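Data file: structure.cif. Format and content: mmCIF, C-alpha atoms.
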```
data_data
loop_
_atom_site.label_atom_id
_atom_site.label_comp_id
_atom_site.auth_asym_id
_atom_site.auth_seq_id
_atom_site.Cartn_x
_atom_site.Cartn_y
_atom_site.Cartn_z
CA MET A 141 14.54 -2.03 -8.44
CA THR A 142 14.26 -5.75 -9.17
CA ASP A 143 12.19 -8.20 -7.15
CA ALA A 144 15.40 -9.72 -5.76
CA GLU A 145 16.53 -6.29 -4.54
CA ALA A 146 13.10 -5.73 -2.98
CA LEU A 147 13.60 -8.82 -0.80
CA THR A 148 16.69 -7.32 0.83
CA TYR A 149 15.45 -3.73 1.06
CA ARG A 150 17.41 -1.48 3.42
CA SER A 151 16.46 2.16 3.70
CA THR A 152 18.96 4.76 2.57
CA LEU A 153 17.39 7.39 4.83
CA PRO A 154 19.30 8.58 7.89
CA GLY A 155 18.54 7.80 11.54
CA PHE A 156 14.96 7.48 12.72
CA LEU A 157 13.57 7.93 9.19
CA GLY A 158 15.58 4.91 8.02
CA LEU A 159 14.37 2.81 10.95
CA LEU A 160 10.76 3.86 10.27
CA ASP A 161 11.13 3.06 6.57
CA ASP A 162 12.62 -0.39 7.29
CA PHE A 163 9.89 -1.19 9.85
CA ILE A 164 7.10 -0.17 7.46
CA CYS A 165 8.73 -2.24 4.70
CA LYS A 166 8.74 -5.36 6.87
CA LEU A 167 5.14 -4.74 7.98
CA GLU A 168 3.94 -4.25 4.39
CA SER A 169 5.79 -7.33 3.18
CA PHE A 170 4.35 -9.47 5.96
CA LEU A 171 0.79 -8.21 5.45
CA LEU A 172 0.93 -8.71 1.69
CA ALA A 173 2.48 -12.17 1.87
CA ALA A 174 0.17 -13.35 4.65
CA GLY A 175 -2.89 -11.86 2.94
CA VAL A 176 -2.19 -13.47 -0.44
CA LEU A 177 -1.33 -16.85 1.10
CA LEU A 178 -4.40 -16.85 3.35
CA MET A 179 -6.63 -15.87 0.43
CA ALA A 180 -5.22 -18.69 -1.71
CA LEU A 181 -5.60 -21.18 1.15
CA ASN A 182 -9.15 -20.03 1.90
CA THR A 183 -10.16 -20.27 -1.76
CA CYS A 184 -8.59 -23.72 -2.21
CA VAL A 185 -10.22 -25.08 0.95
CA ASN A 186 -13.57 -23.68 -0.20
CA VAL A 187 -13.23 -25.35 -3.62
CA VAL A 188 -12.28 -28.69 -2.05
CA ALA A 189 -15.20 -28.42 0.40
CA ARG A 190 -17.57 -27.68 -2.47
CA PHE A 191 -16.45 -30.77 -4.41
CA VAL A 192 -16.06 -33.15 -1.45
CA PHE A 193 -19.08 -32.12 0.64
CA GLY A 194 -21.22 -30.57 -2.08
CA GLU A 195 -21.29 -27.24 -0.28
CA GLY A 196 -18.68 -24.52 0.16
CA LEU A 197 -17.72 -22.81 3.39
CA PHE A 198 -20.38 -20.26 4.29
CA PHE A 199 -17.81 -17.75 5.58
CA SER A 200 -15.26 -18.04 2.75
CA GLY A 201 -16.54 -15.02 0.82
CA GLU A 202 -16.34 -12.78 3.89
CA ILE A 203 -12.79 -13.87 4.66
CA ASN A 204 -11.73 -13.11 1.09
CA ARG A 205 -13.45 -9.72 1.31
CA ILE A 206 -11.42 -8.91 4.43
CA LEU A 207 -8.21 -10.07 2.79
CA ILE A 208 -8.85 -8.07 -0.40
CA VAL A 209 -9.16 -4.88 1.64
CA LEU A 210 -5.97 -5.77 3.55
CA ILE A 211 -3.98 -6.58 0.39
CA THR A 212 -5.20 -3.48 -1.46
CA PHE A 213 -4.34 -1.00 1.26
CA ALA A 214 -1.08 -2.66 2.29
CA GLY A 215 -0.21 -2.77 -1.41
CA ILE A 216 -0.54 0.96 -2.06
CA GLY A 217 2.24 1.73 0.39
CA TYR A 218 4.35 -1.09 -1.02
CA ALA A 219 3.90 0.24 -4.57
CA ALA A 220 4.83 3.75 -3.42
CA ARG A 221 7.99 2.41 -1.74
CA TYR A 222 9.24 0.83 -4.96
CA GLY A 223 8.01 3.53 -7.35
CA ARG A 224 5.56 1.13 -8.99
CA HIS A 225 2.48 3.34 -9.24
CA ILE A 226 1.35 4.29 -12.72
CA ARG A 227 2.96 7.53 -13.84
CA MET A 228 1.61 9.89 -16.49
CA SER A 229 4.94 11.44 -17.28
CA ALA A 230 4.91 12.96 -20.76
CA ILE A 231 5.28 16.53 -19.47
CA TYR A 232 7.55 15.45 -16.61
CA ASP A 233 9.92 13.61 -18.98
CA ALA A 234 10.16 16.67 -21.23
CA LEU A 235 11.39 18.88 -18.38
CA PRO A 236 15.07 19.52 -17.69
CA PHE A 237 16.66 17.90 -14.62
CA LYS A 238 15.94 20.81 -12.24
CA GLY A 239 12.30 20.99 -13.39
CA ARG A 240 11.83 17.23 -12.86
CA LYS A 241 13.32 17.49 -9.38
CA ILE A 242 11.05 20.38 -8.40
CA LEU A 243 7.98 18.71 -9.92
CA MET A 244 8.70 15.36 -8.24
CA THR A 245 9.11 17.10 -4.87
CA ILE A 246 5.77 18.91 -5.34
CA ILE A 247 4.06 15.70 -6.51
CA ALA A 248 5.38 13.79 -3.48
CA LEU A 249 4.28 16.55 -1.09
CA PHE A 250 0.81 16.84 -2.64
CA THR A 251 0.30 13.06 -2.76
CA SER A 252 1.41 12.74 0.86
CA ILE A 253 -1.10 15.37 1.96
CA VAL A 254 -3.88 13.69 -0.05
CA MET A 255 -3.07 10.32 1.56
CA PHE A 256 -3.24 11.80 5.07
CA VAL A 257 -6.56 13.52 4.24
CA LEU A 258 -7.95 10.24 2.89
CA ALA A 259 -6.77 8.51 6.08
CA TYR A 260 -8.71 11.06 8.13
CA PHE A 261 -11.91 10.58 6.10
CA SER A 262 -11.58 6.80 6.16
CA LEU A 263 -11.20 6.93 9.93
CA GLU A 264 -14.39 9.00 10.15
CA TYR A 265 -16.11 6.37 7.98
CA ILE A 266 -14.93 3.58 10.29
CA ILE A 267 -16.26 5.47 13.30
CA SER A 268 -19.66 5.85 11.61
CA ILE A 269 -19.76 2.11 10.84
CA TYR A 270 -18.74 1.34 14.40
CA GLU A 271 -21.56 3.53 15.77
CA ARG A 272 -24.12 1.68 13.62
CA GLY A 273 -23.00 -1.66 15.06
CA ARG A 274 -23.22 -3.57 11.78
CA ILE A 275 -21.90 -7.13 11.82
CA LEU A 276 -20.78 -9.62 9.20
CA PRO A 277 -23.58 -12.16 8.69
CA ALA A 278 -21.44 -15.32 8.51
CA LEU A 279 -18.52 -14.51 10.80
CA GLY A 280 -20.58 -12.47 13.26
CA PHE A 281 -18.05 -9.81 14.16
CA GLU A 282 -18.38 -6.09 13.66
CA ILE A 283 -17.82 -4.93 10.10
CA TRP A 284 -15.65 -1.94 11.03
CA TRP A 285 -12.75 -4.33 11.73
CA ILE A 286 -12.50 -5.01 7.98
CA TYR A 287 -11.82 -1.36 7.21
CA VAL A 288 -9.12 -0.74 9.83
CA TRP A 289 -6.59 -1.44 7.06
CA VAL A 290 -7.82 1.49 4.97
CA PRO A 291 -6.54 4.40 7.11
CA LEU A 292 -3.44 2.37 7.99
CA GLY A 293 -2.68 1.91 4.27
CA PHE A 294 -3.27 5.60 3.56
CA VAL A 295 -1.01 6.64 6.46
CA ILE A 296 1.77 4.28 5.34
CA THR A 297 1.47 5.58 1.76
CA GLY A 298 1.46 9.18 3.03
CA ILE A 299 4.64 8.45 4.96
CA GLN A 300 6.22 6.92 1.86
CA TYR A 301 5.49 10.01 -0.21
CA ALA A 302 6.70 12.29 2.60
CA LEU A 303 9.96 10.29 2.67
CA THR A 304 10.18 10.67 -1.12
CA MET A 305 9.80 14.43 -0.77
CA TYR A 306 12.49 14.45 1.94
CA LYS A 307 14.83 12.38 -0.23
CA ASN A 308 14.37 14.79 -3.15
CA LEU A 309 15.02 17.79 -0.91
CA THR A 310 18.21 16.31 0.56
CA SER A 311 19.70 14.54 -2.45
CA SER A 312 21.25 15.75 -5.68
CA ASP A 313 19.36 13.12 -7.72
CA VAL A 314 15.67 12.81 -8.55
CA TYR A 315 13.85 10.02 -6.70
CA ILE A 316 10.40 8.61 -7.52
CA SER A 317 10.37 6.98 -4.09
CA ALA A 318 12.71 7.20 -1.13
CA GLY A 319 14.79 4.33 -2.51
CA VAL A 320 14.23 4.44 -6.28
CA LEU A 321 15.99 6.82 -8.62
CA ASP A 322 14.05 8.40 -11.47
CA GLY A 323 14.52 6.67 -14.79
CA TYR A 324 13.29 3.81 -16.88
CA ALA A 325 14.70 0.31 -16.84
CA GLU A 326 15.71 -1.28 -20.09
CA THR A 327 13.20 -4.12 -20.17
CA GLU A 328 12.65 -4.50 -23.88
CA SER A 329 13.32 -7.93 -25.24
CA GLU A 330 13.12 -9.28 -28.75
CA VAL A 331 10.30 -11.70 -29.39
#
```
Structure re-expressed in structure tokens:
Amino acid sequence: MTDAEALTYRSTLPGFLGLLDDFICKLESFLLAAGVLLMALNTCVNVVARFVFGEGLFFSGEINRILIVLITFAGIGYAARYGRHIRMSAIYDALPFKGRKILMTIIALFTSIVMFVLAYFSLEYIISIYERGRILPALGFEIWWIYVWVPLGFVITGIQYALTMYKNLTSSDVYISAGVLDGYAETESEV
């Protein structure tokens, strides 16, 4: 899938699953775009403040820390949607079609379960931070708010892999994500 196709993404899944997939896509896209733009703006304003006033913004580092967590965990679901995670596929590529389909279905199921388990443990971690009452020194709000994106990102990624498993179970082709067929793009160019 090209970047231009990603901008006009429409789920190929039926009914409620398609609506859920489209909603998550829009949410991920918004969070990633807003996070990157806010981080760039925050960094630029901090640099200008450092040169103009001789001192940077005291809270700039904390804002970027929050945005890095947001971008990272919104990005894992986004990468899963477009089949952009790193794949170690030497054995997978050597399998016949039926073997690749079975293996991809198992991989999607296993990865989905792992993502939901990680979401559970990250939620427990957030609860423990909340109970300690730690706050950010510069911004002054509770630190657990930063990590709310972690279980959300794991849940969204778990849903993406569950949708991939569903797509492989209900389709005759092999999918590496719910909207991306298995295969490699011809991207070689002569230098």
Report task. Would you list the contacts of Gly158 of chain A as a ChimeraX atom specification, taking every protein, DNA or RNA residue within 12 Å and counting all atoms listed in the file, but skipping same-chain residues closer than 2 positions in sequence? Result -> /A:149-156,160-165,299-300,303,306-307,318-319
Deliver the residues from the most recent selection as a file, using C-alpha atoms, as a PDB file, in the coordinates of the input.
```pdb
ATOM      1  CA  TYR A 149      15.450  -3.730   1.060  1.00  0.00           C
ATOM      2  CA  ARG A 150      17.410  -1.480   3.420  1.00  0.00           C
ATOM      3  CA  SER A 151      16.460   2.160   3.700  1.00  0.00           C
ATOM      4  CA  THR A 152      18.960   4.760   2.570  1.00  0.00           C
ATOM      5  CA  LEU A 153      17.390   7.390   4.830  1.00  0.00           C
ATOM      6  CA  PRO A 154      19.300   8.580   7.890  1.00  0.00           C
ATOM      7  CA  GLY A 155      18.540   7.800  11.540  1.00  0.00           C
ATOM      8  CA  PHE A 156      14.960   7.480  12.720  1.00  0.00           C
ATOM      9  CA  LEU A 160      10.760   3.860  10.270  1.00  0.00           C
ATOM     10  CA  ASP A 161      11.130   3.060   6.570  1.00  0.00           C
ATOM     11  CA  ASP A 162      12.620  -0.390   7.290  1.00  0.00           C
ATOM     12  CA  PHE A 163       9.890  -1.190   9.850  1.00  0.00           C
ATOM     13  CA  ILE A 164       7.100  -0.170   7.460  1.00  0.00           C
ATOM     14  CA  CYS A 165       8.730  -2.240   4.700  1.00  0.00           C
ATOM     15  CA  ILE A 299       4.640   8.450   4.960  1.00  0.00           C
ATOM     16  CA  GLN A 300       6.220   6.920   1.860  1.00  0.00           C
ATOM     17  CA  LEU A 303       9.960  10.290   2.670  1.00  0.00           C
ATOM     18  CA  TYR A 306      12.490  14.450   1.940  1.00  0.00           C
ATOM     19  CA  LYS A 307      14.830  12.380  -0.230  1.00  0.00           C
ATOM     20  CA  ALA A 318      12.710   7.200  -1.130  1.00  0.00           C
ATOM     21  CA  GLY A 319      14.790   4.330  -2.510  1.00  0.00           C
TER      22      GLY A 319
END
```
**Report entry** Coordinates-based distance that separates atom CA of Ile211 of chain A from atom CA of Val176 of chain A (Å, one decimal)
**Finding:**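 Separation between atom CA of Val176 of chain A and atom CA of Ile211 of chain A: 7.2 Å.
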Query raised in the report: Which residue, A:Phe237, A:Phe294, A:Tyr232, A:Trp285, has the smallest gap to Tyr260 of chain A when you use all atoms listed in the file?
Result: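 Nearest candidate to Tyr260 of chain A out of A:Phe237, A:Phe294, A:Tyr232, A:Trp285: A:Phe294.
Comparing the minimum interatomic distances between Ser252 of chain A and each of A:Ile231, A:Ile286, A:Ala278, A:Ile296, counting all atoms listed in the file, we find that A:Ile296 sits nearest.
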Given the file above and the PyMOL selection byres ((chain A and resi 222) around 10), which residues are selected, and can you give them as a CSV table (one decimal) with C-alpha atoms, in the frame of the given file?
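Resulting contents of expr-v6.csv:
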```
chain,number,residue,atom,x,y,z
A,141,MET,CA,14.5,-2.0,-8.4
A,142,THR,CA,14.3,-5.8,-9.2
A,143,ASP,CA,12.2,-8.2,-7.2
A,146,ALA,CA,13.1,-5.7,-3.0
A,149,TYR,CA,15.4,-3.7,1.1
A,217,GLY,CA,2.2,1.7,0.4
A,218,TYR,CA,4.4,-1.1,-1.0
A,219,ALA,CA,3.9,0.2,-4.6
A,220,ALA,CA,4.8,3.8,-3.4
A,221,ARG,CA,8.0,2.4,-1.7
A,223,GLY,CA,8.0,3.5,-7.4
A,224,ARG,CA,5.6,1.1,-9.0
A,225,HIS,CA,2.5,3.3,-9.2
A,300,GLN,CA,6.2,6.9,1.9
A,316,ILE,CA,10.4,8.6,-7.5
A,317,SER,CA,10.4,7.0,-4.1
A,318,ALA,CA,12.7,7.2,-1.1
A,319,GLY,CA,14.8,4.3,-2.5
A,320,VAL,CA,14.2,4.4,-6.3
A,321,LEU,CA,16.0,6.8,-8.6
```
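Atom CA of Ala248 of chain A is positioned 20.0 Å from atom CA of Phe261 of chain A.
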**Report entry** Computed interatomic separation between atom CA of Met228 of chain A and atom CA of Thr304 of chain A (Å)
**Finding:**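 Going from atom CA of Met228 of chain A over to atom CA of Thr304 of chain A covers 17.6 Å.
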Query raised in the report: Of the residues A:Ile206, A:Leu178, A:Leu243, A:Leu263, which is the one nearest to Leu276 of chain A, using all atoms listed in the file?
Result: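 With all atoms listed in the file as the atom set, the closest residue is A:Ile206.
Proximity of A:Ile267, A:Lys241, A:Leu279, A:Ser262 to Val314 of chain A, computed with all atoms listed in the file, is greatest for A:Lys241.
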**Report entry** For Phe250 of chain A: contacts at 12 Å, all atoms listed in the file, fewer than 4 positions along chain excluded, given as a ChimeraX atom specification
**Finding:** /A:243-246,254-257,298-299,301-302,304-305
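Distances from A:Leu235, A:Ile242, A:Ala173, A:Ala189 to Ser312 of chain A were compared using only C-alpha atoms, and the smallest one belongs to A:Ile242.
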Requested in this report: Pick out the closest residue to Val288 of chain A from this set: A:Phe199, A:Tyr315, A:Phe213, A:Phe191. Count only C-alpha atoms.
Outcome: A:Phe213
Report task. Report the residues retrieved by the PyMOL selection byres ((chain A and resi 293) around 8) from the displayed file, expressed as a PyMOL selection string. Result -> chain A and resi 213-217+259+289-292+294-297
Report task. Excluding Gly175 of chain A and residues on its chain fewer than 4 positions from it, collect all residues at most 10 Å away from it, counting only C-alpha atoms, and give them as JSON, numbers by chain. Result -> {"A": [169, 170, 171, 179, 180, 181, 204, 206, 207, 208, 209, 210, 211, 212, 214]}
